[in-house]
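**Student:** Structure: structure.pdb, PDB, C-alpha atoms, pLDDT in the B column.
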ATOM      1  CA  MET A   5       3.573 -24.601   2.229  1.00 89.00           C
ATOM      2  CA  LEU A   6       4.223 -21.243   3.898  1.00 93.00           C
ATOM      3  CA  LYS A   7       1.463 -19.477   5.819  1.00 93.00           C
ATOM      4  CA  THR A   8       0.866 -15.891   6.939  1.00 94.00           C
ATOM      5  CA  ASP A   9      -1.948 -13.743   8.281  1.00 94.00           C
ATOM      6  CA  ARG A  10      -0.527 -10.792   6.386  1.00 95.00           C
ATOM      7  CA  ILE A  11      -2.213  -9.956   3.128  1.00 97.00           C
ATOM      8  CA  ILE A  12      -0.100 -10.191  -0.005  1.00 97.00           C
ATOM      9  CA  ILE A  13      -0.479  -7.607  -2.744  1.00 98.00           C
ATOM     10  CA  THR A  14       0.790  -8.421  -6.224  1.00 98.00           C
ATOM     11  CA  GLU A  15       0.145  -7.191  -9.783  1.00 96.00           C
ATOM     12  CA  GLY A  16      -1.760  -9.770 -11.791  1.00 95.00           C
ATOM     13  CA  LYS A  17      -3.675 -13.023 -11.780  1.00 95.00           C
ATOM     14  CA  TYR A  18      -0.705 -15.127 -12.975  1.00 95.00           C
ATOM     15  CA  ASP A  19       1.421 -13.728 -10.150  1.00 96.00           C
ATOM     16  CA  LYS A  20      -1.353 -14.694  -7.744  1.00 97.00           C
ATOM     17  CA  ILE A  21      -1.580 -18.228  -9.177  1.00 95.00           C
ATOM     18  CA  LYS A  22       2.191 -18.673  -8.713  1.00 96.00           C
ATOM     19  CA  LEU A  23       2.093 -17.354  -5.132  1.00 97.00           C
ATOM     20  CA  GLU A  24      -0.819 -19.647  -4.248  1.00 96.00           C
ATOM     21  CA  THR A  25       1.430 -22.659  -4.940  1.00 95.00           C
ATOM     22  CA  ILE A  26       3.887 -21.408  -2.311  1.00 95.00           C
ATOM     23  CA  ILE A  27       2.009 -19.626   0.449  1.00 96.00           C
ATOM     24  CA  ASN A  28      -1.331 -19.926   2.197  1.00 95.00           C
ATOM     25  CA  ALA A  29      -2.445 -16.285   2.478  1.00 96.00           C
ATOM     26  CA  ASP A  30      -5.055 -13.817   1.303  1.00 97.00           C
ATOM     27  CA  ILE A  31      -3.569 -12.611  -1.986  1.00 97.00           C
ATOM     28  CA  PHE A  32      -4.910  -9.519  -3.737  1.00 98.00           C
ATOM     29  CA  ILE A  33      -4.045  -8.209  -7.181  1.00 97.00           C
ATOM     30  CA  THR A  34      -3.759  -4.593  -8.303  1.00 97.00           C
ATOM     31  CA  ASP A  35      -4.765  -5.584 -11.847  1.00 95.00           C
ATOM     32  CA  GLY A  36      -1.827  -3.556 -13.088  1.00 93.00           C
ATOM     33  CA  PHE A  37      -2.427   0.182 -12.918  1.00 96.00           C
ATOM     34  CA  SER A  38      -6.164  -0.289 -12.250  1.00 96.00           C
ATOM     35  CA  ILE A  39      -5.489   0.159  -8.537  1.00 96.00           C
ATOM     36  CA  PHE A  40      -4.761   3.848  -9.178  1.00 96.00           C
ATOM     37  CA  ARG A  41      -8.447   4.546  -9.804  1.00 95.00           C
ATOM     38  CA  ASP A  42     -10.134   1.781  -7.818  1.00 95.00           C
ATOM     39  CA  ASP A  43     -11.162   3.497  -4.562  1.00 95.00           C
ATOM     40  CA  LYS A  44     -13.123   0.499  -3.307  1.00 95.00           C
ATOM     41  CA  THR A  45     -10.140  -1.860  -3.570  1.00 95.00           C
ATOM     42  CA  LYS A  46      -7.804   0.760  -2.087  1.00 96.00           C
ATOM     43  CA  LYS A  47     -10.047   1.183   0.944  1.00 95.00           C
ATOM     44  CA  MET A  48     -10.243  -2.588   1.428  1.00 96.00           C
ATOM     45  CA  LEU A  49      -6.451  -2.993   1.129  1.00 97.00           C
ATOM     46  CA  PHE A  50      -5.869  -0.107   3.518  1.00 96.00           C
ATOM     47  CA  ASN A  51      -8.234  -1.526   6.138  1.00 95.00           C
ATOM     48  CA  LEU A  52      -6.819  -5.048   5.862  1.00 97.00           C
ATOM     49  CA  THR A  53      -3.234  -3.799   6.023  1.00 96.00           C
ATOM     50  CA  ALA A  54      -4.039  -1.691   9.081  1.00 95.00           C
ATOM     51  CA  LYS A  55      -5.349  -4.804  10.839  1.00 95.00           C
ATOM     52  CA  ARG A  56      -2.976  -7.523   9.595  1.00 94.00           C
ATOM     53  CA  GLY A  57      -0.001  -5.999   7.813  1.00 94.00           C
ATOM     54  CA  ALA A  58       0.916  -6.603   4.180  1.00 95.00           C
ATOM     55  CA  ILE A  59       3.611  -7.915   1.889  1.00 95.00           C
ATOM     56  CA  ILE A  60       3.968  -6.126  -1.441  1.00 94.00           C
ATOM     57  CA  ILE A  61       5.551  -8.189  -4.195  1.00 96.00           C
ATOM     58  CA  THR A  62       5.549  -6.725  -7.685  1.00 93.00           C
ATOM     59  CA  ASP A  63       7.744  -7.225 -10.735  1.00 90.00           C
ATOM     60  CA  SER A  64      10.982  -5.251 -10.696  1.00 82.00           C
ATOM     61  CA  ASP A  65      10.319  -3.584 -14.030  1.00 86.00           C
ATOM     62  CA  HIS A  66       9.339   0.065 -14.449  1.00 86.00           C
ATOM     63  CA  ALA A  67       5.605  -0.646 -14.192  1.00 90.00           C
ATOM     64  CA  GLY A  68       6.098  -2.848 -11.128  1.00 89.00           C
ATOM     65  CA  PHE A  69       8.029  -0.103  -9.359  1.00 86.00           C
ATOM     66  CA  GLN A  70       5.372   2.472 -10.210  1.00 92.00           C
ATOM     67  CA  ILE A  71       2.693   0.223  -8.710  1.00 95.00           C
ATOM     68  CA  ARG A  72       4.852  -0.569  -5.661  1.00 90.00           C
ATOM     69  CA  ASN A  73       5.599   3.125  -5.040  1.00 88.00           C
ATOM     70  CA  TYR A  74       1.926   3.980  -5.342  1.00 95.00           C
ATOM     71  CA  LEU A  75       0.994   1.257  -2.830  1.00 96.00           C
ATOM     72  CA  ASN A  76       3.759   2.262  -0.415  1.00 90.00           C
ATOM     73  CA  ASN A  77       2.651   5.896  -0.531  1.00 93.00           C
ATOM     74  CA  PHE A  78      -0.965   4.914  -0.053  1.00 91.00           C
ATOM     75  CA  LEU A  79      -0.211   2.498   2.797  1.00 94.00           C
ATOM     76  CA  ASN A  80       2.397   4.791   4.381  1.00 87.00           C
ATOM     77  CA  SER A  81       2.794   4.373   8.167  1.00 78.00           C
ATOM     78  CA  LEU A  82       1.242   0.901   8.116  1.00 90.00           C
ATOM     79  CA  ASP A  83       3.069  -2.398   8.641  1.00 90.00           C
ATOM     80  CA  VAL A  84       4.219  -3.162   5.091  1.00 90.00           C
ATOM     81  CA  ILE A  85       7.098  -5.373   3.961  1.00 89.00           C
ATOM     82  CA  ASN A  86       8.391  -5.086   0.407  1.00 84.00           C
ATOM     83  CA  VAL A  87       9.653  -8.156  -1.428  1.00 88.00           C
ATOM     84  CA  PHE A  88      11.777  -7.370  -4.473  1.00 83.00           C
ATOM     85  CA  ILE A  89      12.250  -9.736  -7.406  1.00 85.00           C
ATOM     86  CA  PRO A  90      15.927  -9.831  -8.446  1.00 84.00           C
ATOM     87  CA  ASP A  91      16.865  -8.914 -12.013  1.00 77.00           C
ATOM     88  CA  ILE A  92      16.907 -12.240 -13.850  1.00 82.00           C
ATOM     89  CA  ASN A  93      17.014 -12.157 -17.636  1.00 82.00           C
ATOM     90  CA  GLY A  94      14.377 -14.253 -19.323  1.00 84.00           C
ATOM     91  CA  LYS A  95      10.868 -14.519 -20.724  1.00 81.00           C
ATOM     92  CA  GLU A  96       7.731 -15.766 -19.007  1.00 78.00           C
ATOM     93  CA  LYS A  97       6.644 -19.128 -20.502  1.00 80.00           C
ATOM     94  CA  ARG A  98       3.129 -17.999 -21.395  1.00 79.00           C
ATOM     95  CA  LYS A  99       4.334 -14.879 -23.240  1.00 77.00           C
ATOM     96  CA  ARG A 100       5.492 -14.723 -26.856  1.00 78.00           C
ATOM     97  CA  GLU A 101       7.989 -11.925 -26.315  1.00 80.00           C
ATOM     98  CA  TYR A 102      10.378 -10.712 -23.653  1.00 74.00           C
ATOM     99  CA  SER A 103       9.215  -7.883 -21.421  1.00 73.00           C
ATOM    100  CA  LYS A 104      10.487  -4.396 -22.192  1.00 77.00           C
ATOM    101  CA  GLU A 105      13.318  -4.804 -19.652  1.00 73.00           C
ATOM    102  CA  GLY A 106      13.898  -8.449 -20.642  1.00 80.00           C
ATOM    103  CA  THR A 107      13.646  -9.728 -17.073  1.00 82.00           C
ATOM    104  CA  LEU A 108      11.388 -12.194 -15.281  1.00 88.00           C
ATOM    105  CA  GLY A 109       8.650 -11.100 -12.926  1.00 89.00           C
ATOM    106  CA  VAL A 110       6.818 -12.795 -10.061  1.00 94.00           C
ATOM    107  CA  GLU A 111       5.229 -15.423 -12.293  1.00 93.00           C
ATOM    108  CA  GLY A 112       8.456 -16.207 -14.154  1.00 92.00           C
ATOM    109  CA  ILE A 113      11.087 -16.663 -11.467  1.00 92.00           C
ATOM    110  CA  ASP A 114      11.981 -20.042 -10.039  1.00 93.00           C
ATOM    111  CA  LYS A 115       9.519 -21.275  -7.429  1.00 94.00           C
ATOM    112  CA  SER A 116      12.242 -22.029  -4.859  1.00 94.00           C
ATOM    113  CA  LEU A 117      13.696 -18.520  -5.238  1.00 91.00           C
ATOM    114  CA  LEU A 118      10.258 -16.971  -4.716  1.00 95.00           C
ATOM    115  CA  GLU A 119       9.736 -19.189  -1.683  1.00 94.00           C
ATOM    116  CA  ASN A 120      13.087 -18.068  -0.193  1.00 91.00           C
ATOM    117  CA  LEU A 121      12.186 -14.407  -0.748  1.00 89.00           C
ATOM    118  CA  LEU A 122       8.900 -14.951   1.091  1.00 94.00           C
ATOM    119  CA  ILE A 123      10.610 -16.811   3.951  1.00 92.00           C
ATOM    120  CA  LYS A 124      12.966 -13.846   4.440  1.00 84.00           C
ATOM    121  CA  ALA A 125       9.985 -11.463   4.413  1.00 86.00           C
ATOM    122  CA  LEU A 126       8.138 -13.527   7.012  1.00 89.00           C
ATOM    123  CA  GLU A 127      11.237 -13.721   9.211  1.00 84.00           C
ATOM    124  CA  LYS A 128      11.521  -9.952   8.941  1.00 70.00           C
ATOM    125  CA  SER A 129       7.864  -9.535   9.931  1.00 72.00           C
ATOM    126  CA  GLU A 130       8.542 -11.409  13.171  1.00 66.00           C
ATOM    127  CA  GLN A 131      11.135  -8.782  14.084  1.00 52.00           C
ATOM    128  CA  ILE A 132       8.979  -5.737  13.345  1.00 46.00           C
ATOM    129  CA  VAL A 133       7.844  -3.854  16.410  1.00 39.00           C
ATOM    130  CA  GLU A 134       4.286  -2.703  15.947  1.00 41.00           C
ATOM    131  CA  LYS A 135       4.186   0.961  15.055  1.00 37.00           C
ATOM    132  CA  THR A 136       2.194   3.147  17.383  1.00 41.00           C
ATOM    133  CA  SER A 137       0.797   6.463  16.307  1.00 51.00           C
ATOM    134  CA  ASN A 138      -2.107   8.447  17.661  1.00 79.00           C
ATOM    135  CA  ILE A 139      -3.336   9.509  14.235  1.00 89.00           C
ATOM    136  CA  THR A 140      -2.827   7.256  11.201  1.00 90.00           C
ATOM    137  CA  ASN A 141      -3.246   7.358   7.441  1.00 89.00           C
ATOM    138  CA  LEU A 142      -6.331   5.208   7.973  1.00 88.00           C
ATOM    139  CA  ASN A 143      -7.831   8.035  10.044  1.00 92.00           C
ATOM    140  CA  LEU A 144      -6.988  10.534   7.305  1.00 94.00           C
ATOM    141  CA  TYR A 145      -8.518   8.216   4.704  1.00 92.00           C
ATOM    142  CA  GLU A 146     -11.700   7.538   6.681  1.00 91.00           C
ATOM    143  CA  ASP A 147     -12.128  11.255   7.369  1.00 94.00           C
ATOM    144  CA  GLY A 148     -11.734  12.049   3.664  1.00 94.00           C
ATOM    145  CA  PHE A 149      -8.382  13.872   3.744  1.00 94.00           C
ATOM    146  CA  ILE A 150      -6.613  11.333   1.498  1.00 93.00           C
ATOM    147  CA  GLY A 151      -7.571   8.743  -1.109  1.00 91.00           C
ATOM    148  CA  ARG A 152     -10.889  10.219  -2.262  1.00 91.00           C
ATOM    149  CA  SER A 153     -11.852  12.345  -5.253  1.00 93.00           C
ATOM    150  CA  TYR A 154     -12.631  15.292  -2.957  1.00 93.00           C
ATOM    151  CA  SER A 155      -9.675  14.791  -0.583  1.00 93.00           C
ATOM    152  CA  LYS A 156      -7.488  17.612  -1.882  1.00 92.00           C
ATOM    153  CA  GLU A 157     -10.213  20.181  -1.307  1.00 93.00           C
ATOM    154  CA  LYS A 158     -10.972  18.824   2.166  1.00 94.00           C
ATOM    155  CA  ARG A 159      -7.268  18.657   3.050  1.00 93.00           C
ATOM    156  CA  MET A 160      -6.877  22.322   1.993  1.00 90.00           C
ATOM    157  CA  LYS A 161      -9.670  23.260   4.433  1.00 92.00           C
ATOM    158  CA  LEU A 162      -7.892  21.363   7.205  1.00 93.00           C
ATOM    159  CA  LEU A 163      -4.590  23.086   6.432  1.00 86.00           C
ATOM    160  CA  LYS A 164      -6.300  26.487   6.453  1.00 84.00           C
ATOM    161  CA  TYR A 165      -8.055  25.672   9.750  1.00 89.00           C
ATOM    162  CA  LEU A 166      -4.690  24.713  11.293  1.00 83.00           C
ATOM    163  CA  SER A 167      -2.989  27.807   9.781  1.00 74.00           C
ATOM    164  CA  LEU A 168      -0.586  25.634   7.800  1.00 71.00           C
ATOM    165  CA  PRO A 169       0.727  26.324   4.278  1.00 68.00           C
ATOM    166  CA  LYS A 170      -1.251  24.716   1.456  1.00 75.00           C
ATOM    167  CA  ASN A 171       1.766  22.951  -0.096  1.00 74.00           C
ATOM    168  CA  ILE A 172       2.180  20.492   2.807  1.00 76.00           C
ATOM    169  CA  ASN A 173       1.933  16.899   1.571  1.00 78.00           C
ATOM    170  CA  LYS A 174      -0.013  14.173   3.358  1.00 85.00           C
ATOM    171  CA  ASN A 175       3.071  12.631   5.014  1.00 80.00           C
ATOM    172  CA  THR A 176       4.130  15.946   6.514  1.00 73.00           C
ATOM    173  CA  LEU A 177       0.553  16.633   7.561  1.00 87.00           C
ATOM    174  CA  LEU A 178       0.427  13.321   9.414  1.00 88.00           C
ATOM    175  CA  LYS A 179       3.699  14.105  11.226  1.00 74.00           C
ATOM    176  CA  ILE A 180       2.430  17.550  12.213  1.00 74.00           C
ATOM    177  CA  LEU A 181      -0.877  16.179  13.483  1.00 87.00           C
ATOM    178  CA  ASN A 182       0.897  13.562  15.600  1.00 79.00           C
ATOM    179  CA  SER A 183       3.381  16.046  17.029  1.00 62.00           C
ATOM    180  CA  GLU A 184       0.794  18.674  17.957  1.00 68.00           C
ATOM    181  CA  TYR A 185      -2.487  16.864  18.636  1.00 80.00           C
ATOM    182  CA  ASP A 186      -3.729  13.677  20.232  1.00 81.00           C
ATOM    183  CA  TYR A 187      -6.472  11.594  18.633  1.00 84.00           C
ATOM    184  CA  GLY A 188      -9.212  13.255  20.712  1.00 84.00           C
ATOM    185  CA  GLU A 189      -8.151  16.739  19.614  1.00 87.00           C
ATOM    186  CA  TYR A 190      -7.916  15.566  16.008  1.00 92.00           C
ATOM    187  CA  SER A 191     -11.460  14.141  16.190  1.00 90.00           C
ATOM    188  CA  LYS A 192     -12.746  17.468  17.533  1.00 91.00           C
ATOM    189  CA  ILE A 193     -11.097  19.332  14.629  1.00 93.00           C
ATOM    190  CA  VAL A 194     -12.667  16.916  12.124  1.00 93.00           C
ATOM    191  CA  SER A 195     -16.115  17.410  13.715  1.00 92.00           C
ATOM    192  CA  GLU A 196     -15.768  21.197  13.572  1.00 92.00           C
ATOM    193  CA  LEU A 197     -14.710  21.071   9.918  1.00 91.00           C
ATOM    194  CA  ASN A 198     -17.655  18.798   9.081  1.00 89.00           C
ATOM    195  CA  GLU A 199     -20.086  21.169  10.844  1.00 87.00           C
ATOM    196  CA  ASN A 200     -18.727  24.183   8.916  1.00 79.00           C
ATOM    197  CA  LYS A 201     -19.087  22.676   5.420  1.00 68.00           C
TER     198      LYS A 201
END
Spell out the structure here as structure tokens.

**Tutor:**
Amino acid sequence: MLKTDRIIITEGKYDKIKLETIINADIFITDGFSIFRDDKTKKMLFNLTAKRGAIIITDSDHAGFQIRNYLNNFLNSLDVINVFIPDINGKEKRKREYSKEGTLGVEGIDKSLLENLLIKALEKSEQIVEKTSNITNLNLYEDGFIGRSYSKEKRMKLLKYLSLPKNINKNTLLKILNSEYDYGEYSKIVSELNENK
């Protein structure tokens, strides 16, 4: 059985059950699109990924790609490896009908193929040089600039304080912060914004 300290993020409970037969790891499910509105789970996944890295493995159908893209955007700048399921026509055994795209997902593909995909991902993780950045998405999340119901409003205040245009997205904001400020200066800005609520 394979083993990794990285967390694995997948879509559903049947995907998790399949993965548990192949790899010894902490496996978390998005419960489909539920992750989009589950702030508690998002925070947990963000914190765990920041500490240990993650492997995202979703189905390669439209829904799977939407979930994957959402996770990648949310976990941007962290150590994330994406595992993609190849397009294999078929139907999962437990389902009565084919999926909309008519292809197998994580739970349906051959166990040895899934194992090989994970081996490649783990080999890739050995080669990744740890990313270093003074200010991270985790900082932005913890300080309320991303990932919260009030984040847009708070991010607009930060942009105004820094004399930046309001249409800057979070990725560009992170790049700007890292190019112009160190973590200490960023912390001071956050404190001043919090004092002037």

**Student:** Please identify all polymer residues within 12 Å of Lys115 in chain A, counting only C-alpha atoms, omitting same-chain residues fewer than 5 positions from it, and present them as a ChimeraX atom specification.

**Tutor:** /A:5,19,21-27,89,109-110,120-122

**Student:** Name the closest residue to Leu177 in chain A among the candidates A:Ile33, A:Ile59, A:Ile150, A:Ile113; distances are taken between atoms, counting only C-alpha atoms.

**Tutor:**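 Comparing A:Ile33, A:Ile59, A:Ile150, A:Ile113 against Leu177 in chain A, the winner is A:Ile150.
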
**Student:** Could you tell me which residues the PyMOL selection byres ((chain A and resi 166) around 12) returns for this structure, as a list in words?

**Tutor:**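 Going through the file, the PyMOL selection byres ((chain A and resi 166) around 12) ends up selecting Arg159, Met160, Lys161, Leu162, Leu163, Lys164, Tyr165, Ser167, Leu168, Pro169, Lys170, Ile172, Leu177, Ile180, Leu181, Glu184, Tyr185, Tyr190, Ile193, Val194, Glu196 and Leu197 of chain A.
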
**Student:** For this structure, which residues satisfy the selection - the PyMOL selection byres ((chain A and resi 147-149) around 12) - when it is evaluated on the file as given? I want them as a PyMOL selection string.

**Tutor:** chain A and resi 43+47+139-146+150-163+173-175+177-178+190-195+197-198

**Student:** Applied to this file, what does the PyMOL selection byres ((chain A and resi 58) around 12) return in terms of residues, put as an NGL selection string?

**Tutor:** :A and (8-14 or 29-32 or 49-57 or 59-61 or 75-76 or 79-87 or 122 or 125-126 or 129)
